[in-house]
>>> print(open('entry31.cif').read())   # mmCIF, N, CA and C atoms
data_work
#
loop_
_atom_site.label_atom_id
_atom_site.label_comp_id
_atom_site.auth_asym_id
_atom_site.auth_seq_id
_atom_site.Cartn_x
_atom_site.Cartn_y
_atom_site.Cartn_z
N MET X 1 -73.37 -72.78 47.92
CA MET X 1 -73.64 -71.37 47.93
C MET X 1 -75.01 -71.12 48.53
N GLY X 2 -75.14 -70.05 49.31
CA GLY X 2 -76.41 -69.72 49.93
C GLY X 2 -77.40 -69.14 48.94
N LYS X 3 -78.65 -69.23 49.31
CA LYS X 3 -79.71 -68.68 48.46
C LYS X 3 -79.89 -67.22 48.81
N ALA X 4 -79.82 -66.35 47.80
CA ALA X 4 -80.05 -64.93 48.02
C ALA X 4 -81.53 -64.70 48.20
N SER X 5 -81.86 -63.78 49.07
CA SER X 5 -83.25 -63.46 49.30
C SER X 5 -83.64 -62.30 48.40
N VAL X 6 -84.60 -62.54 47.51
CA VAL X 6 -85.10 -61.49 46.65
C VAL X 6 -86.41 -61.01 47.23
N GLU X 7 -86.45 -59.74 47.59
CA GLU X 7 -87.66 -59.15 48.14
C GLU X 7 -88.15 -58.10 47.17
N GLY X 8 -89.39 -57.75 47.30
CA GLY X 8 -89.96 -56.72 46.44
C GLY X 8 -91.02 -57.29 45.53
N VAL X 9 -91.58 -56.43 44.75
CA VAL X 9 -92.67 -56.75 43.84
C VAL X 9 -92.10 -57.30 42.53
N LEU X 10 -92.64 -58.41 42.06
CA LEU X 10 -92.24 -58.94 40.75
C LEU X 10 -92.72 -57.98 39.68
N LEU X 11 -91.79 -57.43 38.91
CA LEU X 11 -92.12 -56.44 37.88
C LEU X 11 -92.25 -57.05 36.50
N SER X 12 -91.41 -58.03 36.18
CA SER X 12 -91.41 -58.59 34.84
C SER X 12 -90.67 -59.91 34.80
N VAL X 13 -91.04 -60.74 33.82
CA VAL X 13 -90.37 -62.01 33.57
C VAL X 13 -90.11 -62.09 32.07
N LEU X 14 -88.89 -62.48 31.70
CA LEU X 14 -88.54 -62.59 30.29
C LEU X 14 -87.82 -63.91 30.06
N GLU X 15 -88.25 -64.64 29.03
CA GLU X 15 -87.54 -65.86 28.63
C GLU X 15 -86.56 -65.51 27.53
N ILE X 16 -85.32 -65.97 27.70
CA ILE X 16 -84.25 -65.67 26.75
C ILE X 16 -83.57 -66.98 26.35
N PRO X 17 -83.61 -67.32 25.06
CA PRO X 17 -82.88 -68.52 24.62
C PRO X 17 -81.37 -68.25 24.62
N VAL X 18 -80.61 -69.19 25.12
CA VAL X 18 -79.16 -69.08 25.12
C VAL X 18 -78.67 -69.30 23.68
N ARG X 19 -77.86 -68.38 23.20
CA ARG X 19 -77.29 -68.49 21.85
C ARG X 19 -75.91 -69.16 21.95
N TRP X 20 -75.51 -69.83 20.90
CA TRP X 20 -74.19 -70.45 20.86
C TRP X 20 -73.11 -69.40 21.13
N SER X 21 -73.31 -68.19 20.63
CA SER X 21 -72.31 -67.13 20.80
C SER X 21 -72.23 -66.62 22.24
N ASP X 22 -73.18 -67.00 23.10
CA ASP X 22 -73.13 -66.63 24.52
C ASP X 22 -72.11 -67.45 25.29
N MET X 23 -71.64 -68.53 24.68
CA MET X 23 -70.78 -69.49 25.36
C MET X 23 -69.32 -69.02 25.41
N ASP X 24 -68.58 -69.57 26.35
CA ASP X 24 -67.14 -69.30 26.42
C ASP X 24 -66.37 -70.60 26.22
N ALA X 25 -65.07 -70.54 26.37
CA ALA X 25 -64.21 -71.70 26.14
C ALA X 25 -64.46 -72.84 27.12
N ASN X 26 -65.13 -72.54 28.23
CA ASN X 26 -65.42 -73.57 29.23
C ASN X 26 -66.73 -74.32 28.94
N GLY X 27 -67.40 -73.97 27.86
CA GLY X 27 -68.62 -74.67 27.48
C GLY X 27 -69.87 -74.24 28.21
N HIS X 28 -69.86 -73.04 28.80
CA HIS X 28 -71.07 -72.50 29.42
C HIS X 28 -71.13 -71.01 29.14
N VAL X 29 -72.24 -70.39 29.51
CA VAL X 29 -72.44 -68.97 29.23
C VAL X 29 -71.36 -68.14 29.92
N ASN X 30 -70.79 -67.21 29.16
CA ASN X 30 -69.75 -66.32 29.67
C ASN X 30 -70.32 -65.43 30.77
N ASN X 31 -69.52 -65.14 31.79
CA ASN X 31 -70.00 -64.37 32.93
C ASN X 31 -70.55 -63.00 32.53
N ALA X 32 -69.96 -62.33 31.56
CA ALA X 32 -70.44 -61.01 31.14
C ALA X 32 -71.83 -61.09 30.52
N THR X 33 -72.17 -62.22 29.94
CA THR X 33 -73.46 -62.38 29.29
C THR X 33 -74.60 -62.40 30.30
N TYR X 34 -74.33 -62.83 31.52
CA TYR X 34 -75.36 -62.79 32.56
C TYR X 34 -75.86 -61.35 32.71
N PHE X 35 -74.93 -60.39 32.69
CA PHE X 35 -75.31 -58.98 32.80
C PHE X 35 -76.14 -58.54 31.60
N THR X 36 -75.85 -59.08 30.42
CA THR X 36 -76.65 -58.77 29.24
C THR X 36 -78.07 -59.28 29.41
N TYR X 37 -78.24 -60.46 30.00
CA TYR X 37 -79.58 -61.00 30.26
C TYR X 37 -80.34 -60.09 31.23
N LEU X 38 -79.67 -59.62 32.29
CA LEU X 38 -80.31 -58.71 33.24
C LEU X 38 -80.70 -57.41 32.55
N GLU X 39 -79.79 -56.88 31.75
CA GLU X 39 -80.04 -55.63 31.02
C GLU X 39 -81.23 -55.77 30.08
N GLN X 40 -81.29 -56.85 29.31
CA GLN X 40 -82.38 -57.03 28.35
C GLN X 40 -83.72 -57.09 29.06
N THR X 41 -83.78 -57.78 30.18
CA THR X 41 -85.02 -57.87 30.95
C THR X 41 -85.42 -56.51 31.49
N ARG X 42 -84.45 -55.77 32.02
CA ARG X 42 -84.72 -54.43 32.57
C ARG X 42 -85.21 -53.48 31.48
N ILE X 43 -84.54 -53.47 30.32
CA ILE X 43 -84.91 -52.56 29.23
C ILE X 43 -86.31 -52.88 28.72
N GLU X 44 -86.60 -54.16 28.51
CA GLU X 44 -87.93 -54.53 28.02
C GLU X 44 -89.02 -54.13 29.00
N TRP X 45 -88.76 -54.30 30.31
CA TRP X 45 -89.73 -53.88 31.31
C TRP X 45 -89.91 -52.36 31.29
N LEU X 46 -88.81 -51.59 31.29
CA LEU X 46 -88.90 -50.13 31.28
C LEU X 46 -89.63 -49.62 30.04
N GLU X 47 -89.36 -50.23 28.89
CA GLU X 47 -90.06 -49.82 27.67
C GLU X 47 -91.55 -50.14 27.76
N ARG X 48 -91.88 -51.31 28.30
CA ARG X 48 -93.28 -51.72 28.40
C ARG X 48 -94.09 -50.77 29.28
N VAL X 49 -93.48 -50.27 30.36
CA VAL X 49 -94.20 -49.37 31.27
C VAL X 49 -93.99 -47.90 30.92
N GLY X 50 -93.29 -47.63 29.80
CA GLY X 50 -93.12 -46.26 29.33
C GLY X 50 -92.14 -45.43 30.13
N MET X 51 -91.15 -46.07 30.73
CA MET X 51 -90.21 -45.35 31.59
C MET X 51 -88.74 -45.46 31.15
N GLN X 52 -88.48 -45.94 29.95
CA GLN X 52 -87.10 -45.97 29.48
C GLN X 52 -86.63 -44.55 29.15
N ASN X 53 -87.49 -43.79 28.49
CA ASN X 53 -87.25 -42.38 28.18
C ASN X 53 -88.60 -41.68 28.24
N THR X 54 -88.68 -40.56 28.92
CA THR X 54 -89.94 -39.84 29.01
C THR X 54 -89.96 -38.70 28.00
N ALA X 55 -91.13 -38.13 27.79
CA ALA X 55 -91.28 -36.99 26.88
C ALA X 55 -90.47 -35.79 27.38
N GLU X 56 -90.22 -35.76 28.68
CA GLU X 56 -89.44 -34.65 29.27
C GLU X 56 -87.93 -34.86 29.13
N GLY X 57 -87.52 -35.93 28.47
CA GLY X 57 -86.09 -36.18 28.29
C GLY X 57 -85.42 -36.76 29.53
N GLN X 58 -86.17 -37.52 30.31
CA GLN X 58 -85.63 -38.13 31.51
C GLN X 58 -85.66 -39.64 31.38
N GLY X 59 -84.86 -40.30 32.21
CA GLY X 59 -84.86 -41.75 32.21
C GLY X 59 -83.85 -42.29 33.21
N PRO X 60 -83.81 -43.61 33.37
CA PRO X 60 -82.92 -44.23 34.35
C PRO X 60 -81.54 -44.55 33.77
N VAL X 61 -80.55 -44.52 34.62
CA VAL X 61 -79.21 -45.01 34.29
C VAL X 61 -78.76 -45.95 35.39
N VAL X 62 -77.96 -46.94 35.03
CA VAL X 62 -77.41 -47.88 36.01
C VAL X 62 -76.18 -47.24 36.64
N VAL X 63 -76.14 -47.23 37.98
CA VAL X 63 -74.97 -46.70 38.67
C VAL X 63 -74.19 -47.78 39.41
N GLN X 64 -74.82 -48.95 39.61
CA GLN X 64 -74.13 -50.07 40.26
C GLN X 64 -74.87 -51.34 39.89
N THR X 65 -74.12 -52.40 39.64
CA THR X 65 -74.75 -53.69 39.36
C THR X 65 -73.87 -54.81 39.89
N SER X 66 -74.52 -55.92 40.22
CA SER X 66 -73.78 -57.08 40.72
C SER X 66 -74.51 -58.34 40.32
N CYS X 67 -73.76 -59.44 40.30
CA CYS X 67 -74.35 -60.73 39.96
C CYS X 67 -73.66 -61.82 40.77
N ASN X 68 -74.47 -62.69 41.36
CA ASN X 68 -73.96 -63.87 42.06
C ASN X 68 -74.16 -65.06 41.13
N PHE X 69 -73.07 -65.64 40.70
CA PHE X 69 -73.11 -66.77 39.77
C PHE X 69 -73.27 -68.05 40.58
N ARG X 70 -74.48 -68.62 40.56
CA ARG X 70 -74.78 -69.79 41.37
C ARG X 70 -74.37 -71.09 40.67
N LEU X 71 -74.72 -71.20 39.39
CA LEU X 71 -74.40 -72.37 38.58
C LEU X 71 -74.10 -71.93 37.16
N PRO X 72 -73.23 -72.65 36.45
CA PRO X 72 -72.99 -72.29 35.05
C PRO X 72 -74.22 -72.61 34.20
N ILE X 73 -74.52 -71.73 33.25
CA ILE X 73 -75.64 -71.95 32.34
C ILE X 73 -75.13 -72.73 31.14
N PRO X 74 -75.71 -73.89 30.87
CA PRO X 74 -75.26 -74.71 29.74
C PRO X 74 -75.96 -74.31 28.43
N TYR X 75 -75.51 -74.91 27.37
CA TYR X 75 -76.18 -74.80 26.07
C TYR X 75 -76.59 -76.20 25.67
N PRO X 76 -77.76 -76.45 25.17
CA PRO X 76 -78.85 -75.48 24.95
C PRO X 76 -79.61 -75.24 26.25
N GLU X 77 -80.21 -74.08 26.35
CA GLU X 77 -81.01 -73.69 27.51
C GLU X 77 -81.82 -72.46 27.13
N THR X 78 -82.93 -72.30 27.78
CA THR X 78 -83.70 -71.06 27.73
C THR X 78 -83.82 -70.61 29.17
N VAL X 79 -83.36 -69.40 29.46
CA VAL X 79 -83.41 -68.91 30.83
C VAL X 79 -84.63 -68.02 31.02
N GLU X 80 -85.09 -68.01 32.25
CA GLU X 80 -86.19 -67.12 32.65
C GLU X 80 -85.59 -66.11 33.61
N VAL X 81 -85.64 -64.84 33.22
CA VAL X 81 -85.08 -63.77 34.06
C VAL X 81 -86.23 -63.00 34.69
N ARG X 82 -86.16 -62.87 36.00
CA ARG X 82 -87.20 -62.16 36.76
C ARG X 82 -86.60 -60.90 37.35
N VAL X 83 -87.34 -59.80 37.27
CA VAL X 83 -86.89 -58.54 37.86
C VAL X 83 -87.91 -58.11 38.91
N TYR X 84 -87.37 -57.67 40.06
CA TYR X 84 -88.19 -57.27 41.20
C TYR X 84 -87.84 -55.84 41.60
N SER X 85 -88.80 -55.16 42.20
CA SER X 85 -88.54 -53.82 42.72
C SER X 85 -87.78 -53.92 44.04
N GLY X 86 -87.12 -52.83 44.38
CA GLY X 86 -86.38 -52.77 45.64
C GLY X 86 -86.56 -51.41 46.29
N ALA X 87 -85.65 -51.08 47.17
CA ALA X 87 -85.72 -49.82 47.92
C ALA X 87 -85.67 -48.62 46.97
N MET X 88 -86.38 -47.56 47.36
CA MET X 88 -86.43 -46.35 46.56
C MET X 88 -85.98 -45.15 47.37
N GLY X 89 -85.37 -44.21 46.67
CA GLY X 89 -85.03 -42.92 47.25
C GLY X 89 -85.72 -41.83 46.46
N ARG X 90 -85.23 -40.62 46.57
CA ARG X 90 -85.81 -39.49 45.83
C ARG X 90 -85.66 -39.68 44.33
N SER X 91 -84.45 -40.10 43.92
CA SER X 91 -84.18 -40.26 42.48
C SER X 91 -83.63 -41.64 42.14
N SER X 92 -83.49 -42.50 43.13
CA SER X 92 -82.89 -43.81 42.87
C SER X 92 -83.83 -44.94 43.25
N PHE X 93 -83.59 -46.08 42.63
CA PHE X 93 -84.33 -47.28 42.98
C PHE X 93 -83.48 -48.50 42.68
N ARG X 94 -83.70 -49.55 43.45
CA ARG X 94 -83.00 -50.82 43.27
C ARG X 94 -83.89 -51.78 42.51
N THR X 95 -83.26 -52.62 41.73
CA THR X 95 -83.95 -53.75 41.12
C THR X 95 -83.14 -54.99 41.45
N SER X 96 -83.85 -56.08 41.70
CA SER X 96 -83.21 -57.37 41.98
C SER X 96 -83.59 -58.33 40.87
N TYR X 97 -82.73 -59.32 40.64
CA TYR X 97 -82.92 -60.24 39.52
C TYR X 97 -82.67 -61.68 39.95
N GLU X 98 -83.35 -62.58 39.27
CA GLU X 98 -83.07 -64.01 39.39
C GLU X 98 -83.06 -64.58 37.98
N ILE X 99 -82.12 -65.48 37.75
CA ILE X 99 -82.07 -66.19 36.46
C ILE X 99 -82.29 -67.67 36.76
N TYR X 100 -83.37 -68.19 36.19
CA TYR X 100 -83.73 -69.60 36.36
C TYR X 100 -83.65 -70.31 35.01
N GLY X 101 -83.48 -71.62 35.08
CA GLY X 101 -83.51 -72.43 33.88
C GLY X 101 -84.93 -72.81 33.52
N SER X 102 -85.23 -72.79 32.23
CA SER X 102 -86.54 -73.22 31.77
C SER X 102 -86.52 -74.69 31.39
N VAL X 103 -85.40 -75.13 30.77
CA VAL X 103 -85.28 -76.53 30.37
C VAL X 103 -85.20 -77.41 31.61
N GLU X 104 -84.35 -77.03 32.54
CA GLU X 104 -84.21 -77.76 33.80
C GLU X 104 -84.96 -76.96 34.87
N ALA X 105 -86.26 -77.13 34.93
CA ALA X 105 -87.12 -76.34 35.81
C ALA X 105 -86.60 -76.31 37.25
N GLY X 106 -86.63 -75.12 37.82
CA GLY X 106 -86.24 -74.95 39.22
C GLY X 106 -84.76 -74.70 39.45
N VAL X 107 -83.94 -74.77 38.42
CA VAL X 107 -82.51 -74.52 38.59
C VAL X 107 -82.28 -73.02 38.60
N LYS X 108 -81.70 -72.53 39.69
CA LYS X 108 -81.39 -71.11 39.79
C LYS X 108 -79.92 -70.92 39.42
N TYR X 109 -79.70 -70.21 38.31
CA TYR X 109 -78.35 -70.00 37.82
C TYR X 109 -77.67 -68.79 38.46
N ALA X 110 -78.46 -67.74 38.75
CA ALA X 110 -77.84 -66.52 39.27
C ALA X 110 -78.89 -65.63 39.89
N ASP X 111 -78.41 -64.67 40.67
CA ASP X 111 -79.24 -63.59 41.18
C ASP X 111 -78.35 -62.35 41.26
N GLY X 112 -78.96 -61.20 41.26
CA GLY X 112 -78.17 -59.98 41.28
C GLY X 112 -79.01 -58.75 41.56
N GLU X 113 -78.37 -57.60 41.42
CA GLU X 113 -79.01 -56.32 41.69
C GLU X 113 -78.50 -55.27 40.72
N ALA X 114 -79.29 -54.21 40.59
CA ALA X 114 -78.84 -53.01 39.90
C ALA X 114 -79.44 -51.82 40.63
N VAL X 115 -78.64 -50.79 40.82
CA VAL X 115 -79.13 -49.54 41.38
C VAL X 115 -79.27 -48.58 40.21
N MET X 116 -80.47 -48.02 40.09
CA MET X 116 -80.78 -47.09 39.01
C MET X 116 -80.95 -45.69 39.59
N VAL X 117 -80.54 -44.68 38.81
CA VAL X 117 -80.78 -43.29 39.20
C VAL X 117 -81.54 -42.62 38.06
N TRP X 118 -82.59 -41.90 38.41
CA TRP X 118 -83.40 -41.17 37.43
C TRP X 118 -82.67 -39.87 37.11
N VAL X 119 -82.44 -39.63 35.82
CA VAL X 119 -81.65 -38.46 35.41
C VAL X 119 -82.36 -37.66 34.32
N ASP X 120 -81.99 -36.39 34.28
CA ASP X 120 -82.35 -35.52 33.16
C ASP X 120 -81.27 -35.78 32.11
N ARG X 121 -81.65 -36.32 30.98
CA ARG X 121 -80.66 -36.74 29.98
C ARG X 121 -79.90 -35.55 29.38
N SER X 122 -80.48 -34.35 29.33
CA SER X 122 -79.77 -33.21 28.76
C SER X 122 -78.67 -32.69 29.68
N SER X 123 -78.91 -32.72 31.00
CA SER X 123 -77.90 -32.22 31.94
C SER X 123 -77.04 -33.34 32.52
N GLY X 124 -77.57 -34.57 32.50
CA GLY X 124 -76.86 -35.69 33.12
C GLY X 124 -76.98 -35.71 34.63
N ARG X 125 -77.79 -34.85 35.19
CA ARG X 125 -77.96 -34.75 36.64
C ARG X 125 -79.18 -35.54 37.10
N SER X 126 -79.09 -36.03 38.34
CA SER X 126 -80.24 -36.73 38.89
C SER X 126 -81.38 -35.75 39.12
N CYS X 127 -82.59 -36.30 39.07
CA CYS X 127 -83.78 -35.50 39.33
C CYS X 127 -84.81 -36.42 39.98
N PRO X 128 -85.85 -35.85 40.58
CA PRO X 128 -86.83 -36.71 41.26
C PRO X 128 -87.47 -37.72 40.30
N MET X 129 -87.62 -38.93 40.80
CA MET X 129 -88.26 -40.00 40.04
C MET X 129 -89.74 -39.64 39.87
N PRO X 130 -90.32 -39.90 38.68
CA PRO X 130 -91.74 -39.61 38.48
C PRO X 130 -92.63 -40.44 39.42
N GLU X 131 -93.72 -39.84 39.85
CA GLU X 131 -94.67 -40.55 40.72
C GLU X 131 -95.23 -41.78 40.02
N ALA X 132 -95.38 -41.72 38.69
CA ALA X 132 -95.90 -42.87 37.94
C ALA X 132 -94.96 -44.07 38.09
N LEU X 133 -93.64 -43.84 38.04
CA LEU X 133 -92.68 -44.93 38.21
C LEU X 133 -92.71 -45.43 39.65
N ARG X 134 -92.79 -44.52 40.59
CA ARG X 134 -92.85 -44.91 42.01
C ARG X 134 -94.06 -45.83 42.24
N ALA X 135 -95.19 -45.49 41.63
CA ALA X 135 -96.40 -46.31 41.78
C ALA X 135 -96.20 -47.69 41.16
N ILE X 136 -95.54 -47.76 40.02
CA ILE X 136 -95.26 -49.04 39.37
C ILE X 136 -94.37 -49.90 40.26
N LEU X 137 -93.35 -49.30 40.84
CA LEU X 137 -92.41 -50.04 41.69
C LEU X 137 -93.06 -50.55 42.98
N GLU X 138 -94.15 -49.90 43.37
CA GLU X 138 -94.85 -50.29 44.60
C GLU X 138 -95.99 -51.27 44.37
N SER X 139 -96.34 -51.51 43.09
CA SER X 139 -97.45 -52.43 42.80
C SER X 139 -96.98 -53.50 41.85
N ASP X 140 -97.73 -54.56 41.73
CA ASP X 140 -97.37 -55.67 40.86
C ASP X 140 -97.71 -55.32 39.43
N ALA X 141 -96.72 -54.85 38.68
CA ALA X 141 -96.93 -54.40 37.30
C ALA X 141 -97.08 -55.55 36.32
N THR X 142 -96.92 -56.79 36.76
CA THR X 142 -97.05 -57.92 35.84
C THR X 142 -98.51 -58.31 35.65
N LYS X 143 -99.40 -57.79 36.47
CA LYS X 143 -100.82 -58.18 36.38
C LYS X 143 -101.57 -57.21 35.51
#
>>> encode(input="entry31.cif", output="structure tokens")
Amino acid sequence: MGKASVEGVLLSVLEIPVRWSDMDANGHVNNATYFTYLEQTRIEWLERVGMQNTAEGQGPVVVQTSCNFRLPIPYPETVEVRVYSGAMGRSSFRTSYEIYGSVEAGVKYADGEAVMVWVDRSSGRSCPMPEALRAILESDATK
């Protein structure tokens, strides 16, 4: 399988221990759980930068997501999930992800993307992304 190119600013890194309940009948992490790892990393990053929900009742929603399964994740393992910024529009932004192994350093298990849209939670309609979020997406927020 080819290596996906992840471009953009590194926004956050999260280590997640693989739980026994993450496994499937094939003895590795279930494919749906990869999306849970991406989600957990994204939510923790958004909460840390104060952009999961704003005082104005706005926040991001996922409108598209994908994952390229490079290698099965075994148990036991602790994965390192990295989230990067991507292209931005008026109300949307992309995030890219990589899942690496911590126990077996350098093993890339997966990579993927999510397209987020900034919405007014009361109306459910898209609205312009805050300038504060745009600035975060354009700079290295991990420093």
>>> residues_around(input="entry31.cif", residues="Thr41 in chain X", least_positions_apart="4", cutoff="7 Å", atoms="only C-alpha atoms", output="tab-separated table (two decimals) with N, CA and C atoms, in the frame of the given file")
chain	number	residue	atom	x	y	z
X	14	LEU	N	-88.89	-62.48	31.70
X	14	LEU	CA	-88.54	-62.59	30.29
X	14	LEU	C	-87.82	-63.91	30.06
X	37	TYR	N	-78.24	-60.46	30.00
X	37	TYR	CA	-79.58	-61.00	30.26
X	37	TYR	C	-80.34	-60.09	31.23
X	45	TRP	N	-88.76	-54.30	30.31
X	45	TRP	CA	-89.73	-53.88	31.31
X	45	TRP	C	-89.91	-52.36	31.29
X	81	VAL	N	-85.64	-64.84	33.22
X	81	VAL	CA	-85.08	-63.77	34.06
X	81	VAL	C	-86.23	-63.00	34.69
>>> select_by_dssp(input="entry31.cif", residues="chain X", states="alpha helix (DSSP H)", output="JSON, numbers by chain")
{"X": [31, 32, 33, 34, 35, 36, 37, 38, 39, 40, 41, 42, 43, 44, 45, 46, 47, 48, 131, 132, 133, 134, 135, 136, 137, 138]}
>>> resolve_selection(input="entry31.cif", expression="the PyMOL selection byres ((chain X and resi 85) around 6.5)", output="JSON list (two decimals) with N, CA and C atoms, in the frame of the given file")
[["chain", "number", "residue", "atom", "x", "y", "z"],
["X", 7, "GLU", "N", -86.45, -59.74, 47.59],
["X", 7, "GLU", "CA", -87.66, -59.15, 48.14],
["X", 7, "GLU", "C", -88.15, -58.10, 47.17],
["X", 8, "GLY", "N", -89.39, -57.75, 47.30],
["X", 8, "GLY", "CA", -89.96, -56.72, 46.44],
["X", 8, "GLY", "C", -91.02, -57.29, 45.53],
["X", 9, "VAL", "N", -91.58, -56.43, 44.75],
["X", 9, "VAL", "CA", -92.67, -56.75, 43.84],
["X", 9, "VAL", "C", -92.10, -57.30, 42.53],
["X", 10, "LEU", "N", -92.64, -58.41, 42.06],
["X", 10, "LEU", "CA", -92.24, -58.94, 40.75],
["X", 10, "LEU", "C", -92.72, -57.98, 39.68],
["X", 11, "LEU", "N", -91.79, -57.43, 38.91],
["X", 11, "LEU", "CA", -92.12, -56.44, 37.88],
["X", 11, "LEU", "C", -92.25, -57.05, 36.50],
["X", 83, "VAL", "N", -87.34, -59.80, 37.27],
["X", 83, "VAL", "CA", -86.89, -58.54, 37.86],
["X", 83, "VAL", "C", -87.91, -58.11, 38.91],
["X", 84, "TYR", "N", -87.37, -57.67, 40.06],
["X", 84, "TYR", "CA", -88.19, -57.27, 41.20],
["X", 84, "TYR", "C", -87.84, -55.84, 41.60],
["X", 86, "GLY", "N", -87.12, -52.83, 44.38],
["X", 86, "GLY", "CA", -86.38, -52.77, 45.64],
["X", 86, "GLY", "C", -86.56, -51.41, 46.29],
["X", 87, "ALA", "N", -85.65, -51.08, 47.17],
["X", 87, "ALA", "CA", -85.72, -49.82, 47.92],
["X", 87, "ALA", "C", -85.67, -48.62, 46.97],
["X", 94, "ARG", "N", -83.70, -49.55, 43.45],
["X", 94, "ARG", "CA", -83.00, -50.82, 43.27],
["X", 94, "ARG", "C", -83.89, -51.78, 42.51],
["X", 95, "THR", "N", -83.26, -52.62, 41.73],
["X", 95, "THR", "CA", -83.95, -53.75, 41.12],
["X", 95, "THR", "C", -83.14, -54.99, 41.45],
["X", 96, "SER", "N", -83.85, -56.08, 41.70],
["X", 96, "SER", "CA", -83.21, -57.37, 41.98],
["X", 96, "SER", "C", -83.59, -58.33, 40.87],
["X", 137, "LEU", "N", -93.35, -49.30, 40.84],
["X", 137, "LEU", "CA", -92.41, -50.04, 41.69],
["X", 137, "LEU", "C", -93.06, -50.55, 42.98]]
>>> atom_distance(input="entry31.cif", atom1="atom N of Leu38 in chain X", atom2="atom N of Arg19 in chain X")
12.8 Å
>>> resolve_selection(input="entry31.cif", expression="the PyMOL selection byres ((chain X and resi 117) around 7)", output="ChimeraX atom specification")
/X:59-63,91-93,115-116,118-119,126-127
>>> resolve_selection(input="entry31.cif", expression="the PyMOL selection byres (((chain X and resi 75 and name CA) around 10) and name CA)", output="ChimeraX atom specification")
/X:17-20,22-23,27-29,72-74,76-78
>>> axis_aligned_box(input="entry31.cif", around="range 16-34 of chain X", padding_each_side="3 Å", output="lines of an AutoDock Vina configuration file")
center_x = -74.8
center_y = -67.8
center_z = 26.8
size_x = 27.1
size_y = 19.7
size_z = 18.3
>>> atom_distance(input="entry31.cif", atom1="atom N of Tyr100 in chain X", atom2="CA of Val6 in chain X")
12.5 Å
>>> select_by_dssp(input="entry31.cif", residues="chain X", states="strand (DSSP E or B)", output="PyMOL selection string")
chain X and resi 10-17+23+29+58-69+78-88+92-101+108-120+125-126
>>> residues_around(input="entry31.cif", residues="Cys67 in chain X", least_positions_apart="4", cutoff="6.5 Å", atoms="only N, CA and C atoms", output="PyMOL selection string")
chain X and resi 110-113
>>> atom_distance(input="entry31.cif", atom1="CA of Thr65 in chain X", atom2="CA of Gly106 in chain X")
24.2 Å
>>> residues_near_point(input="entry31.cif", point="(-82.6, -37.6, 30.6)", cutoff="8 Å", atoms="only N, CA and C atoms", output="number ranges by chain")
X: 53-54, 56-60, 118-125
>>> write_last_selection(input="entry31.cif", atoms="N, CA and C atoms", output="CSV table (one decimal), keeping the file's coordinate frame")
chain,number,residue,atom,x,y,z
X,53,ASN,N,-87.5,-43.8,28.5
X,53,ASN,CA,-87.2,-42.4,28.2
X,53,ASN,C,-88.6,-41.7,28.2
X,54,THR,N,-88.7,-40.6,28.9
X,54,THR,CA,-89.9,-39.8,29.0
X,54,THR,C,-90.0,-38.7,28.0
X,56,GLU,N,-90.2,-35.8,28.7
X,56,GLU,CA,-89.4,-34.6,29.3
X,56,GLU,C,-87.9,-34.9,29.1
X,57,GLY,N,-87.5,-35.9,28.5
X,57,GLY,CA,-86.1,-36.2,28.3
X,57,GLY,C,-85.4,-36.8,29.5
X,58,GLN,N,-86.2,-37.5,30.3
X,58,GLN,CA,-85.6,-38.1,31.5
X,58,GLN,C,-85.7,-39.6,31.4
X,59,GLY,N,-84.9,-40.3,32.2
X,59,GLY,CA,-84.9,-41.8,32.2
X,59,GLY,C,-83.8,-42.3,33.2
X,60,PRO,N,-83.8,-43.6,33.4
X,60,PRO,CA,-82.9,-44.2,34.4
X,60,PRO,C,-81.5,-44.6,33.8
X,118,TRP,N,-82.6,-41.9,38.4
X,118,TRP,CA,-83.4,-41.2,37.4
X,118,TRP,C,-82.7,-39.9,37.1
X,119,VAL,N,-82.4,-39.6,35.8
X,119,VAL,CA,-81.6,-38.5,35.4
X,119,VAL,C,-82.4,-37.7,34.3
X,120,ASP,N,-82.0,-36.4,34.3
X,120,ASP,CA,-82.4,-35.5,33.2
X,120,ASP,C,-81.3,-35.8,32.1
X,121,ARG,N,-81.6,-36.3,31.0
X,121,ARG,CA,-80.7,-36.7,30.0
X,121,ARG,C,-79.9,-35.6,29.4
X,122,SER,N,-80.5,-34.4,29.3
X,122,SER,CA,-79.8,-33.2,28.8
X,122,SER,C,-78.7,-32.7,29.7
X,123,SER,N,-78.9,-32.7,31.0
X,123,SER,CA,-77.9,-32.2,31.9
X,123,SER,C,-77.0,-33.3,32.5
X,124,GLY,N,-77.6,-34.6,32.5
X,124,GLY,CA,-76.9,-35.7,33.1
X,124,GLY,C,-77.0,-35.7,34.6
X,125,ARG,N,-77.8,-34.8,35.2
X,125,ARG,CA,-78.0,-34.8,36.6
X,125,ARG,C,-79.2,-35.5,37.1
>>> closest_residue(input="entry31.cif", among="X:Lys108, X:Phe69, X:Ile16, X:Arg82", to="Asn31 in chain X", atoms="all atoms listed in the file")
X:Phe69
>>> decode(input="entry31.cif", residues="range 41-46 of chain X", atoms="N, CA and C atoms", output="short mmCIF file (atom, residue, chain, number, x, y, z; two decimals), in the first residue's frame")
data_model
loop_
_atom_site.label_atom_id
_atom_site.label_comp_id
_atom_site.auth_asym_id
_atom_site.auth_seq_id
_atom_site.Cartn_x
_atom_site.Cartn_y
_atom_site.Cartn_z
N THR X 41 -9.24 11.96 19.34
CA THR X 41 -8.15 12.91 19.15
C THR X 41 -8.68 14.27 18.73
N ARG X 42 -9.63 14.28 17.79
CA ARG X 42 -10.23 15.53 17.31
C ARG X 42 -10.96 16.26 18.43
N ILE X 43 -11.77 15.54 19.21
CA ILE X 43 -12.55 16.16 20.29
C ILE X 43 -11.62 16.74 21.36
N GLU X 44 -10.61 15.98 21.76
CA GLU X 44 -9.68 16.49 22.77
C GLU X 44 -8.95 17.74 22.29
N TRP X 45 -8.57 17.77 21.01
CA TRP X 45 -7.92 18.96 20.46
C TRP X 45 -8.89 20.14 20.45
N LEU X 46 -10.12 19.94 19.95
CA LEU X 46 -11.10 21.03 19.89
C LEU X 46 -11.42 21.57 21.28
#
